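*Asks:* Questions regarding the structure given below will be posed in turn.
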Amino acid sequence: MSDGILEPLLPAIGPWLEGRRWFDARFTGARLEARAASVLGDEPPLLLHAVVSAHRPDGQTLHYQLLLGLRPELPTRLEPAAITTVPAGPWQGWRVYDALADGALLGLLLRTLAGGGAGPGPRLERTGRYPLPVGLVPHPLDVEMSNTAVAYGGQILLKIFRRPEPGPHTEVEALHALTREHCARTPRLYGALHSDAPGAEGLVLGLVEEFLPDARDGWEEAVRHASDCMDDARRGVPASGGFTPHARSLGRAVAEVHGALDKAFGRSRLTAQDVAEEAAGMNMRLKEAAEEIPALARYTTRIGALFDDYARVAGRGNPVFAQRTHGDLHLGQALRTADGWRIVDFEGEPARTAAERALPQPVLRDVAGMLRSFDYAARTGLAALESADPEDGSPAGRLRRRRRASAWAVRNRRAFIEGYASAGREDPHCRPVVLRAFEADKAVYEALYESRLRPDRLPIPLAAVHRLANTSR
């Protein structure tokens, strides 16, 4: 009975879809096409699970996964989630709304997945022997991400890929392998979501993993510590260790994850040609970014020299190895729990294609990403402090706080690297040329991102580019 229900809803779904935070703005106004639909439930409320395709005039296509509710009448509490009314068919006159607002429908979804799925709707393909608990209270998480996450009873986390792609999926593969390796630094994977509905075959729709209810966000923790450090400077309090022990243990945790990924997927030595091609790509990204950001132009020669140095390292016979990595590592992908750090979200950089995200990379790319994150945390903590009291302190006091922000970043960057090396992995300090090249490449990427979306933060990556361009080679 679900056949044909989705098509007449598309005119109303389009504007609603464009208001979601996981919508790609490049597809604003794109033509929507109903790709797959299935209705779950025997009595109201019903859950409409759907996949729609957005088509741009230039031929680009993106798939979106929707979870919509169907009720004859909408309670007042659900009115803010309303989308439209079914115009025709067996549910004519029923209200259509965002199912994420309805705990009853989220419970229905979990029961469906735990039961192995019924009919052509979503089903859970288990990746291990762990049973999926049911009867848990759902709680959608309000986090900044391109997917949707729902916690159930503080035990499991359902991650819904709002832009599903054909498998294999990098995060599912990584977490499956890490669960098999009994890696203590990542959540345990229960399984991946699929659908046999016509039009959705082959798409990876999401995953179910262990939830860490008492975990603290690494980014928020670091920014708070950095801000406290700067506030101590304002009050003349001597700097303390602060976040440094946590940065050191985070380095060990990342190294453990890299070791488990190495064991699960293996690694290979990059040829001199591989590295030369990678360096050429880094130079190309630098050139393109400098054309868009005039402030980068003065650094292209010196930053380009860092990339060329990286190519020469491999050309002289110094081995560069590649393996499966996290792919988008920063403090926001680290959660601090009572028993140590956990690393999450193994999808890789959203801007890259699925094939690119699955490619083996040198582990120092992950390390460089985390080093850049410490810089961001320091500058963000400083900005928060200055915004809270812009008139506080003399120019000398503000300069002192800014120097302490820089010192905080340096101290924690060093601690992270020390922790990484202490876990038995290669000491990043022993590969300075490679690490500088990757950090510069990341800073160029950040500069482009900030220039387009958050121009007020552009000075953060530009400061890193300046520092790296003037680092002794």
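Residue numbering restarts at 1 in every chain; chains get A, B, ... in the order shown in the structure tokens, and ligands count up from 1 in that same order.
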Which polymer residues have any atom within 8 Å of an atom of Arg31 (chain A), counting only C-alpha atoms, with same-chain residues fewer than 4 positions away left out, as a VMD selection string?

*Replies:* chain A and resid 54 to 56

*Asks:* Leaving out Leu113 (chain A) and any residue of its chain fewer than 5 positions from it, which residues lie within 9 Å of it when counting only C-alpha atoms, given as a count of residues only?

*Replies:* 8

*Asks:* Please provide the set of residues having any atom within 8 Å of region 428-434 of chain A, restricted to only C-alpha atoms, with same-chain residues fewer than 5 positions apart removed, written as a ChimeraX atom specification.

*Replies:* /A:306,309-310,313,364,367,417,420-421,473

*Asks:* Find the spatial neighbours of Leu335 (chain A), counting only C-alpha atoms, within a cut-off of 7 Å - ignore same-chain residues fewer than 3 positions away - and output them as a list in words.

*Replies:*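 These residues fall inside the cut-off: Ala215, Arg216, Asp217, Gly218, Trp341, Arg342 and Ile343 of chain A.
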
*Asks:* What's around region 270-286 of chain A at 12 Å? Count only C-alpha atoms, leave out sequence neighbours fewer than 5 positions away in its own chain, and write the answer as JSON, numbers by chain.

*Replies:* {"A": [291, 292, 293, 294, 295, 296, 297, 298, 299, 300, 301, 302, 303, 304, 305, 306, 307, 308, 309, 310, 311, 312, 313, 314, 315, 316, 317, 318, 319, 320, 321, 322, 323, 360, 361, 362, 434, 437, 438, 439, 440, 441, 442, 443, 444, 445, 446, 447, 448, 465]}
